[in-house]
Amino acid sequence: MTTRKRLGALVLAGVSAVAVAVVDRPARDLAAYHHQSVTWTDCGQGPQDHEGTALDQAGARCARITVPLDYSRPAGRTITIAVSRLPASDPSRRIGTMLLNRGGPGEPTLGMPLSTRAYMGDAGSRYDLVGIDPRFVGRSTPLDCGWPTGIWIRSAGGDRAAFDRQVAFHRRLAERCARRHGDVLPHATTRNTARDLDIVRAVLGERRISYLGYSYGAYLGALYMEMFPGRTDRVVLDSPVDPARYGPRLLGREPAAERALGAWASWAAAHPRDHGLGRTRRAVLATVRHVVEAASARPCASARTRSTSTSSRT
């Protein structure tokens, strides 16, 4: 994953927890955004854009939708949101449009309609599936903080000293971003992302939309329903988090996370030839601990991170 695609992740993670503290001024004069003319084009952006090519081959189309940077000043500066739409393959039984978000926060979602249709089985053919790169993520208007390194995935380490080093490292990244884009960061909020979703809904000509969100995407979906009651149809919130506790620390999730890790370790141990992590639950968990300890001493590289190392320096 490139740094550009991940730039929005830390930004959104840092501000989503305080979004509810920001004065939620009523949006005004959004009619021009709701009725804007949108040009749908091929999704592919060249021979190396495998995701875009796959979308094109599946029959999807892509567009950029204009939204306000600051919803309290809709006549001011604008940004664009990248959107993909995979039409229902069974139009005679079409139910409606489903917006998608895979979480993060800050995960690009443009290619998500492809996998979602496969998972949904017969139901998937009855929806127009819409992937949206949230503001400042992926192909949407970027937020380039000029970071000298990627941030995904970094271990907090196995002791307090390693944790403190990571805190200091991320503080420097945040300060660097604030120096470059202090005027933009206040608008990188979950509430504004929900408002963007509603403009996408209007542009698509839908009175109500269905929604599928995972993890942070479930939080975003819950917030959208709170802010725009009556504008949703069928909604799936997978792996949701208590909205009252959502924030960078996510206190209270530790027991559930430990149970999930143990269940995964048992599954991985049952397939040792496929994963090579150990033949017992205990052995798999020992491998995980070893990776965490190794990452605290020296960054670990995977085939995926090596393949994107060049683009991560941009």
# chains A, B, ... in the order shown; residues from 1 in each chain; ligands from 1
>>> select_by_dssp(residues="region 116-208 of chain A", states="helix (DSSP H, G or I)", output="VMD selection string")
chain A and resid 116 to 126 160 to 181 185 to 187 190 to 203
>>> residues_around(residues="Ser215 (chain A)", least_positions_apart="3", cutoff="9 Å", atoms="only C-alpha atoms", output="PyMOL selection string")
chain A and resi 102-105+218-220+237-241
>>> write_last_selection(atoms="N, CA and C atoms", output="short mmCIF file (atom, residue, chain, number, x, y, z; two decimals), in the first residue's frame")
data_model
loop_
_atom_site.label_atom_id
_atom_site.label_comp_id
_atom_site.auth_asym_id
_atom_site.auth_seq_id
_atom_site.Cartn_x
_atom_site.Cartn_y
_atom_site.Cartn_z
N ARG A 102 -14.74 -0.09 3.63
CA ARG A 102 -14.07 -1.23 4.25
C ARG A 102 -13.37 -0.87 5.56
N GLY A 103 -13.42 0.39 5.98
CA GLY A 103 -12.89 0.72 7.30
C GLY A 103 -11.57 1.45 7.25
N GLY A 104 -10.77 1.24 8.24
CA GLY A 104 -9.46 1.89 8.35
C GLY A 104 -9.25 2.52 9.72
N PRO A 105 -9.59 3.82 9.84
CA PRO A 105 -10.13 4.72 8.81
C PRO A 105 -9.10 5.04 7.75
N ALA A 218 -18.33 0.63 9.83
CA ALA A 218 -19.58 0.44 10.57
C ALA A 218 -19.90 1.68 11.40
N TYR A 219 -18.85 2.25 12.01
CA TYR A 219 -19.03 3.50 12.77
C TYR A 219 -19.50 4.62 11.85
N LEU A 220 -18.90 4.72 10.67
CA LEU A 220 -19.29 5.73 9.70
C LEU A 220 -20.75 5.54 9.29
N LEU A 237 -23.76 -3.38 9.32
CA LEU A 237 -22.63 -2.82 10.05
C LEU A 237 -21.84 -4.00 10.62
N ASP A 238 -20.76 -4.37 9.95
CA ASP A 238 -19.96 -5.54 10.29
C ASP A 238 -18.81 -5.14 11.22
N SER A 239 -18.63 -5.87 12.32
CA SER A 239 -17.58 -5.59 13.30
C SER A 239 -17.68 -4.17 13.84
N PRO A 240 -18.86 -3.78 14.34
CA PRO A 240 -19.03 -2.40 14.79
C PRO A 240 -18.33 -2.13 16.11
N VAL A 241 -18.09 -0.86 16.34
CA VAL A 241 -17.47 -0.37 17.57
C VAL A 241 -18.47 0.52 18.27
#
>>> residues_around(residues="Ala82 (chain A)", least_positions_apart="6", cutoff="9 Å", atoms="only C-alpha atoms", output="list in words")
Cys62, Ala63, Arg64, Ile65, Leu110, Gly131, Ile132, Asp133, Pro134, Arg135, Val137, Gly138, Arg139, Ser140 and Thr141 of chain A
>>> write_last_selection(atoms="C-alpha atoms", output="PDB file, in the first residue's frame")
ATOM      1  CA  CYS A  62     -15.776   5.761 -12.274  1.00  0.00           C
ATOM      2  CA  ALA A  63     -16.301   9.453 -11.580  1.00  0.00           C
ATOM      3  CA  ARG A  64     -15.195  12.326  -9.385  1.00  0.00           C
ATOM      4  CA  ILE A  65     -17.866  14.084  -7.349  1.00  0.00           C
ATOM      5  CA  LEU A 110     -12.862   2.183  -4.975  1.00  0.00           C
ATOM      6  CA  GLY A 131     -17.062   2.205  -3.853  1.00  0.00           C
ATOM      7  CA  ILE A 132     -15.947   5.571  -2.487  1.00  0.00           C
ATOM      8  CA  ASP A 133     -12.422   6.684  -1.608  1.00  0.00           C
ATOM      9  CA  PRO A 134     -13.070   8.907   1.444  1.00  0.00           C
ATOM     10  CA  ARG A 135     -11.864  12.497   1.396  1.00  0.00           C
ATOM     11  CA  VAL A 137      -7.686   8.996   0.517  1.00  0.00           C
ATOM     12  CA  GLY A 138      -6.736   7.089  -2.629  1.00  0.00           C
ATOM     13  CA  ARG A 139      -7.906   8.836  -5.799  1.00  0.00           C
ATOM     14  CA  SER A 140      -9.843  11.524  -3.968  1.00  0.00           C
ATOM     15  CA  THR A 141      -8.240  14.936  -3.469  1.00  0.00           C
TER      16      THR A 141
END
>>> residues_around(residues="Gly221 (chain A)", least_positions_apart="6", cutoff="10 Å", atoms="only C-alpha atoms", output="VMD selection string")
chain A and resid 99 to 101 190 194 197 210 to 215 227 232 235 to 237 240
>>> select_by_dssp(residues="region 79-169 of chain A", states="strand (DSSP E or B)", output="list in words")
Ile79, Thr80, Ile81, Ala82, Val83, Ser84, Arg85, Leu86, Gly96, Thr97, Met98, Leu99, Leu100, Asn101, Tyr127, Asp128, Leu129, Val130, Gly131, Ile132, Asp133, Phe136 and Pro142 of chain A
>>> atom_distance(atom1="CA of Arg298 (chain A)", atom2="CA of Arg273 (chain A)")
27.4 Å
>>> atom_distance(atom1="CA of Met98 (chain A)", atom2="CA of Ala32 (chain A)")
23.1 Å
>>> residues_around(residues="Val284 (chain A)", least_positions_apart="4", cutoff="12 Å", atoms="only C-alpha atoms", output="PyMOL selection string")
chain A and resi 261-272+275-280+288-291
>>> residues_around(residues="Arg195 (chain A)", least_positions_apart="5", cutoff="12 Å", atoms="only C-alpha atoms", output="ChimeraX atom specification")
/A:24,26-28,30,33-34,66-72,74,81,134-135,187-190,200-202,220-221,223-228
>>> atom_distance(atom1="CA of Ala162 (chain A)", atom2="CA of Ala297 (chain A)")
8.4 Å
>>> residues_around(residues="Pro87 (chain A)", least_positions_apart="6", cutoff="10 Å", atoms="only C-alpha atoms", output="tab-separated table (two decimals) with C-alpha atoms, in the first residue's frame")
chain	number	residue	atom	x	y	z
A	58	ALA	CA	-16.49	-6.08	-14.67
A	59	GLY	CA	-18.47	-3.26	-16.27
A	60	ALA	CA	-17.93	-0.60	-13.62
A	61	ARG	CA	-17.56	3.12	-14.31
A	94	ARG	CA	-32.69	-4.43	-9.00
A	96	GLY	CA	-31.23	-0.12	-5.32
A	97	THR	CA	-27.78	1.30	-4.66
A	113	PRO	CA	-17.54	-3.55	-5.37
A	124	GLY	CA	-25.09	-8.88	-5.13
A	125	SER	CA	-26.52	-8.98	-8.63
A	126	ARG	CA	-29.51	-6.89	-7.51
A	127	TYR	CA	-27.59	-3.84	-6.33
A	128	ASP	CA	-25.58	-1.09	-7.92
A	129	LEU	CA	-22.45	-1.36	-5.76
A	130	VAL	CA	-20.61	1.92	-5.14
